[in-house]
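Novice: Below is the file protein-v5.cif, which contains mmCIF, C-alpha atoms.
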```cif
data_structure
loop_
_atom_site.label_atom_id
_atom_site.label_comp_id
_atom_site.auth_asym_id
_atom_site.auth_seq_id
_atom_site.Cartn_x
_atom_site.Cartn_y
_atom_site.Cartn_z
CA MET V 1378 -7.70 29.45 61.35
CA PRO V 1379 -11.37 29.86 60.45
CA SER V 1380 -13.07 32.89 61.95
CA ALA V 1381 -15.97 32.59 64.38
CA ALA V 1382 -18.34 33.75 61.63
CA GLU V 1383 -17.01 31.12 59.21
CA ARG V 1384 -17.34 28.40 61.82
CA THR V 1385 -20.91 29.41 62.54
CA ARG V 1386 -21.84 29.57 58.84
CA THR V 1387 -20.30 26.11 58.46
CA LEU V 1388 -22.41 24.74 61.31
CA VAL V 1389 -25.60 26.34 59.99
CA GLN V 1390 -25.04 24.91 56.52
CA SER V 1391 -23.87 21.49 57.71
CA THR V 1392 -25.88 18.39 58.55
CA CYS V 1393 -25.42 18.93 62.30
CA SER V 1394 -28.42 18.52 64.55
CA ALA V 1395 -30.47 21.72 64.82
CA LEU V 1396 -33.48 22.76 66.86
CA LEU V 1397 -35.60 25.88 66.50
CA VAL V 1398 -36.72 27.37 69.81
CA VAL V 1399 -39.64 29.82 69.74
CA PRO V 1400 -40.20 31.45 73.15
CA GLY V 1401 -43.80 31.11 74.26
CA LEU V 1402 -44.51 28.09 72.06
CA ASP V 1403 -45.63 25.15 74.19
CA LEU V 1404 -43.16 22.49 73.05
CA ALA V 1405 -44.46 20.11 75.70
CA ARG V 1406 -47.49 19.63 73.45
CA THR V 1407 -45.62 19.44 70.13
CA GLU V 1408 -42.76 17.58 68.49
CA PRO V 1409 -39.32 19.26 68.61
CA LEU V 1410 -39.02 21.94 65.94
CA ILE V 1411 -36.34 20.36 63.74
CA PRO V 1412 -36.03 22.01 60.30
CA ASP V 1413 -35.87 19.72 57.27
CA SER V 1414 -33.32 21.96 55.56
CA ARG V 1415 -31.24 25.02 56.35
CA SER V 1416 -29.66 27.63 54.10
CA VAL V 1417 -28.34 31.17 54.32
CA GLY V 1418 -29.47 34.01 52.07
CA PRO V 1419 -27.29 36.77 50.58
CA GLU V 1420 -28.17 39.15 53.43
CA GLY V 1421 -27.26 36.63 56.12
CA ASP V 1422 -30.80 35.54 56.94
CA VAL V 1423 -31.26 31.84 57.74
CA PHE V 1424 -33.96 29.96 55.82
CA LEU V 1425 -35.56 26.95 57.50
CA GLU V 1426 -37.92 24.48 55.83
CA PHE V 1427 -40.74 22.88 57.81
CA ALA V 1428 -43.90 20.94 57.10
CA ALA V 1429 -46.75 23.37 56.42
CA ASP V 1430 -48.63 22.19 59.51
CA SER V 1431 -45.66 22.63 61.85
CA PRO V 1432 -46.27 24.70 65.00
CA ALA V 1433 -43.34 26.87 63.92
CA VAL V 1434 -45.09 27.68 60.64
CA ARG V 1435 -48.37 28.44 62.39
CA ALA V 1436 -46.62 30.74 64.86
CA ALA V 1437 -44.70 32.57 62.11
CA THR V 1438 -47.79 32.89 59.92
CA HIS V 1439 -49.85 34.43 62.70
CA ALA V 1440 -47.09 36.74 63.91
CA GLN V 1441 -47.38 40.39 62.98
CA GLY V 1442 -44.35 42.14 61.50
CA ASP V 1443 -41.14 41.16 63.24
CA GLU V 1444 -42.66 40.38 66.63
CA LEU V 1445 -41.81 36.67 66.75
CA THR V 1446 -38.34 35.99 68.10
CA ALA V 1447 -36.65 32.59 67.76
CA VAL V 1448 -33.32 30.88 68.31
CA LEU V 1449 -31.73 28.21 66.13
CA GLU V 1450 -29.64 25.91 68.32
CA ILE V 1451 -27.05 23.75 66.56
CA THR V 1452 -25.12 20.92 68.17
CA ASP V 1453 -22.03 19.58 66.42
CA VAL V 1454 -21.16 15.97 67.29
CA ALA V 1455 -18.01 14.29 65.99
CA PRO V 1456 -18.87 11.66 63.34
CA VAL V 1457 -16.24 9.29 64.79
CA SER V 1458 -16.13 7.50 68.12
CA VAL V 1459 -14.01 9.56 70.54
CA PRO V 1460 -14.27 10.72 74.14
CA HIS V 1461 -16.14 14.03 74.48
CA ARG V 1462 -17.88 13.78 71.11
CA ILE V 1463 -19.64 17.17 71.19
CA ARG V 1464 -17.35 19.44 69.21
CA GLY V 1465 -19.33 22.60 69.59
CA ARG V 1466 -22.60 24.46 69.74
CA ALA V 1467 -23.91 27.57 68.04
CA TRP V 1468 -26.93 29.77 68.62
CA VAL V 1469 -28.43 32.09 65.99
CA SER V 1470 -31.22 34.33 67.23
CA GLY V 1471 -33.46 36.74 65.39
CA TRP V 1472 -36.99 37.28 64.10
CA LEU V 1473 -39.05 34.60 62.45
CA THR V 1474 -41.38 35.17 59.48
CA SER V 1475 -42.93 32.91 56.85
CA VAL V 1476 -41.90 33.10 53.20
CA PRO V 1477 -44.81 31.86 51.04
CA GLY V 1478 -44.34 30.35 47.63
CA ILE V 1479 -40.74 29.12 47.59
CA ALA V 1480 -41.12 25.67 49.16
CA GLU V 1481 -42.57 22.42 47.78
CA PRO V 1482 -46.28 21.71 48.25
CA GLY V 1483 -47.01 20.80 51.82
CA ARG V 1484 -43.85 22.58 52.96
CA MET V 1485 -43.18 26.12 54.12
CA MET V 1486 -40.00 28.16 54.26
CA LEU V 1487 -39.39 30.32 57.32
CA ARG V 1488 -36.90 33.14 57.45
CA LEU V 1489 -34.89 33.77 60.60
CA GLU V 1490 -33.69 37.35 60.22
CA PHE V 1491 -30.23 37.39 61.77
CA GLY V 1492 -30.02 39.32 65.02
CA GLU V 1493 -27.01 37.87 66.80
CA ALA V 1494 -25.09 34.62 67.13
CA TYR V 1495 -22.72 32.89 69.49
CA VAL V 1496 -20.45 29.91 68.93
CA ASP V 1497 -18.71 27.74 71.52
CA ASP V 1498 -16.53 25.09 69.90
CA LEU V 1499 -13.06 23.54 69.78
CA TRP V 1500 -11.60 26.95 68.90
CA GLY V 1501 -13.22 28.85 71.75
CA ALA V 1502 -16.32 30.92 72.47
CA GLU V 1503 -17.15 34.09 70.52
CA ASP V 1504 -19.99 36.40 69.53
CA ILE V 1505 -20.68 36.94 65.82
CA GLU V 1506 -21.72 40.26 64.33
CA PRO V 1507 -24.42 40.31 61.62
CA GLU V 1508 -22.18 41.68 58.88
CA ASP V 1509 -19.46 39.11 59.64
CA PHE V 1510 -21.97 36.27 59.40
CA ARG V 1511 -23.39 37.70 56.17
CA ASP V 1512 -19.98 37.96 54.52
CA ALA V 1513 -18.57 34.64 55.76
CA ALA V 1514 -18.54 31.46 53.69
CA PRO V 1515 -18.94 27.90 54.96
CA ASP V 1516 -15.90 25.66 54.85
CA PRO V 1517 -15.61 24.00 51.40
CA LEU V 1518 -15.23 20.56 53.03
CA VAL V 1519 -18.37 20.84 55.18
CA LEU V 1520 -20.50 18.42 53.18
CA HIS V 1521 -17.69 15.84 52.99
CA GLU V 1522 -16.16 16.16 56.46
CA ALA V 1523 -18.05 13.33 58.17
CA GLU V 1524 -17.26 10.82 55.42
CA LEU V 1525 -13.62 11.94 55.25
CA LEU V 1526 -13.09 11.64 59.01
CA GLN V 1527 -14.70 8.20 59.07
CA HIS V 1528 -12.48 7.10 56.18
CA LEU V 1529 -9.32 8.36 57.88
CA ALA V 1530 -10.27 6.65 61.13
CA SER V 1531 -11.10 3.30 59.55
CA ALA V 1532 -8.72 3.01 56.59
CA HIS V 1533 -5.68 5.02 57.71
CA ASP V 1534 -5.34 4.07 61.37
CA GLU V 1535 -1.62 3.30 61.13
CA GLN V 1536 -0.87 6.55 59.32
CA MET V 1537 -2.89 8.49 61.87
CA ARG V 1538 -0.74 7.00 64.62
CA THR V 1539 2.43 8.21 62.92
CA LEU V 1540 1.27 11.82 63.42
CA CYS V 1541 2.40 11.57 67.04
CA GLY V 1542 5.92 11.93 65.64
CA LEU V 1543 5.13 15.57 64.85
CA LEU V 1544 4.16 16.51 68.40
CA GLY V 1545 7.55 17.57 69.72
CA GLU V 1546 7.77 17.39 73.50
CA ARG V 1547 4.58 15.36 73.70
CA THR V 1548 5.87 12.67 71.33
CA ALA V 1549 7.24 10.24 73.91
CA ARG V 1550 4.00 10.11 75.83
CA ALA V 1551 1.65 10.04 72.85
CA CYS V 1552 3.66 7.40 71.03
CA ALA V 1553 4.07 5.05 73.98
CA PRO V 1554 3.21 1.47 72.96
CA ASP V 1555 0.24 1.29 75.32
CA GLN V 1556 -1.12 4.69 74.28
CA PRO V 1557 -1.37 4.56 70.49
CA SER V 1558 -4.86 5.82 69.68
CA ALA V 1559 -5.04 8.79 67.32
CA VAL V 1560 -8.51 9.63 66.04
CA PRO V 1561 -9.24 12.40 63.49
CA VAL V 1562 -11.87 14.54 65.16
CA ALA V 1563 -12.28 17.62 62.94
CA LEU V 1564 -11.27 18.70 59.45
CA ASP V 1565 -11.43 22.01 57.61
CA ARG V 1566 -9.64 23.73 54.78
CA PHE V 1567 -6.85 24.88 57.08
CA GLY V 1568 -5.95 21.57 58.71
CA LEU V 1569 -6.74 18.43 60.68
CA ARG V 1570 -7.45 18.09 64.39
CA VAL V 1571 -6.55 14.75 65.98
CA ARG V 1572 -7.57 13.48 69.41
CA PHE V 1573 -4.81 11.42 71.01
CA ILE V 1574 -6.25 9.03 73.56
CA GLU V 1575 -3.64 8.32 76.20
CA SER V 1576 -5.82 6.23 78.47
CA ARG V 1577 -9.45 5.54 79.24
CA ASP V 1578 -9.73 8.85 81.12
CA ALA V 1579 -7.11 11.05 79.45
CA CYS V 1580 -6.87 12.53 75.98
CA PHE V 1581 -5.66 15.68 74.27
CA ASP V 1582 -6.06 17.34 70.87
CA ALA V 1583 -3.37 18.34 68.43
CA ARG V 1584 -3.85 20.49 65.37
CA PHE V 1585 -1.95 19.81 62.13
CA GLU V 1586 -2.03 22.74 59.72
CA PHE V 1587 -1.84 22.25 55.96
CA PRO V 1588 0.90 24.13 54.05
CA GLU V 1589 -1.89 26.22 52.52
CA PRO V 1590 -5.70 26.14 52.71
CA VAL V 1591 -7.35 23.53 50.50
CA ARG V 1592 -10.28 24.31 48.25
CA ASP V 1593 -11.68 20.85 47.57
CA VAL V 1594 -11.25 17.14 48.22
CA THR V 1595 -8.57 16.79 45.52
CA GLU V 1596 -6.37 19.40 47.19
CA LEU V 1597 -7.14 17.81 50.56
CA ARG V 1598 -5.76 14.45 49.37
CA ARG V 1599 -2.50 16.13 48.39
CA ALA V 1600 -2.32 17.96 51.72
CA MET V 1601 -2.92 14.75 53.67
CA HIS V 1602 -0.28 12.94 51.63
CA THR V 1603 2.23 15.68 52.48
CA LEU V 1604 1.26 15.50 56.16
CA PHE V 1605 1.68 11.72 56.34
CA GLU V 1606 5.00 11.94 54.50
CA ALA V 1607 6.28 14.47 57.04
CA ALA V 1608 5.19 12.22 59.90
CA ALA V 1609 6.83 9.15 58.36
CA SER V 1610 10.16 10.94 57.95
#
```
Any chance you could give the structure as structure tokens?
Specialist:
Amino acid sequence: MPSAAERTRTLVQSTCSALLVVPGLDLARTEPLIPDSRSVGPEGDVFLEFAADSPAVRAATHAQGDELTAVLEITDVAPVSVPHRIRGRAWVSGWLTSVPGIAEPGRMMLRLEFGEAYVDDLWGAEDIEPEDFRDAAPDPLVLHEAELLQHLASAHDEQMRTLCGLLGERTARACAPDQPSAVPVALDRFGLRVRFIESRDACFDARFEFPEPVRDVTELRRAMHTLFEAAAS
């Protein structure tokens, strides 16, 4: 399974919704501080791009040293229609400074020096240490996950339903004729998570591990083919 640090790096470097919170900044008088891009440097610092006239940029520019604290809040919502669509949240807190000269004209890059992080997702809730975050890598499928899940849900509905045959003691209930929904809800290099919807008010998740971690979409296709073959047999 992916570590907490890997999951957090994946969220930071994904297209998930993100909001920068700067304590003391009067957000009631400004637009939400939503960065235009996010990346992670070799030391584990998070780089956030904003318009040059953003309140976040003004606050970071006027801050002295490392006095300005900030929190990046990330919300991960499933890209498919399922009950309980929020898959997780992560918070990265640290010290905010401006980095002149590396953004396009009219833009400014801010550096959030990593202090601590916390993730609460489908795997559980954990704290992340700075060195673990620095050394972690995002999941190789992160930029393709939304499209892949949507494709599986729309084009492989029947094959998704056959996965209930791999659930053991839960098979009879999940495969009942009036309870057939099986929606792919999360995907990473280690496996696929499916949400089985038993009724309007009841659902449960099942995790299907790949024989070995995949490194790209080509290997993922082979892994999914093997998984569907196992379910069909």
Novice: Find the residue from V:Cys1580, V:Ala1513, V:Leu1499, V:Val1434 that sits nearest to Glu1420 in chain V; use all atoms listed in the file when measuring.
Specialist: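 For Glu1420 in chain V, the nearest of the candidates is V:Ala1513.
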Novice: Can you spell out as number ranges by chain the set of residues that the PyMOL selection byres ((chain V and resi 1497) around 9) selects in the structure I just provided?
Specialist: V: 1464-1468, 1495-1496, 1498-1504
Novice: What does the structure give for the distance between CA of Gly1542 in chain V and CA of His1521 in chain V, in Å to one decimal?
Specialist: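 These atoms are spaced 27.1 Å apart.
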Novice: Kindly indicate which residue among V:His1602, V:Arg1488, V:Arg1570, V:Arg1415 lies nearest to Leu1526 in chain V, using all atoms listed in the file for the distances.
Specialist: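 Closest candidate: V:Arg1570.
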Novice: Using all atoms listed in the file, pick whichever of V:Val1399, V:Val1560, V:Val1469, V:Ala1532 has the shortest atom-to-atom distance to Glu1506 in chain V.
Specialist: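 Closest to Glu1506 in chain V of all the choices is V:Val1469.
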Novice: Using only C-alpha atoms, which of the listed residues (V:Val1476, V:Ser1416, V:Asp1582, V:Gly1421) sits closest to Glu1508 in chain V?
Specialist: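 For Glu1508 in chain V, the nearest of the given residues is V:Gly1421.
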Novice: Got a sec to resolve the PyMOL selection byres ((chain V and resi 1604) around 12) on this structure and send the residues as a PyMOL selection string?
Specialist: chain V and resi 1536-1537+1539-1543+1568-1569+1584-1589+1597-1603+1605-1610
Novice: Can you list, as a PyMOL selection string, every protein, DNA or RNA residue that comes within 12 Å of Thr1474 in chain V when you count all atoms listed in the file, leaving out same-chain residues fewer than 6 positions away?
Specialist: chain V and resi 1399+1422-1426+1433-1447+1485-1491
Novice: If the PyMOL selection byres ((chain V and resi 1510) around 9) is run on the structure shown, which residues does it catch, given as a compact mmCIF listing (two decimals) with C-alpha atoms, in the coordinates of the input?
Specialist:
```
# COMPACT_ATOMS: atom_id res chain seq x y z
CA ALA V 1381 -15.97 32.59 64.38
CA ALA V 1382 -18.34 33.75 61.63
CA GLU V 1383 -17.01 31.12 59.21
CA THR V 1385 -20.91 29.41 62.54
CA ARG V 1386 -21.84 29.57 58.84
CA GLY V 1421 -27.26 36.63 56.12
CA PHE V 1491 -30.23 37.39 61.77
CA ALA V 1494 -25.09 34.62 67.13
CA ILE V 1505 -20.68 36.94 65.82
CA GLU V 1506 -21.72 40.26 64.33
CA PRO V 1507 -24.42 40.31 61.62
CA GLU V 1508 -22.18 41.68 58.88
CA ASP V 1509 -19.46 39.11 59.64
CA ARG V 1511 -23.39 37.70 56.17
CA ASP V 1512 -19.98 37.96 54.52
CA ALA V 1513 -18.57 34.64 55.76
CA ALA V 1514 -18.54 31.46 53.69
```
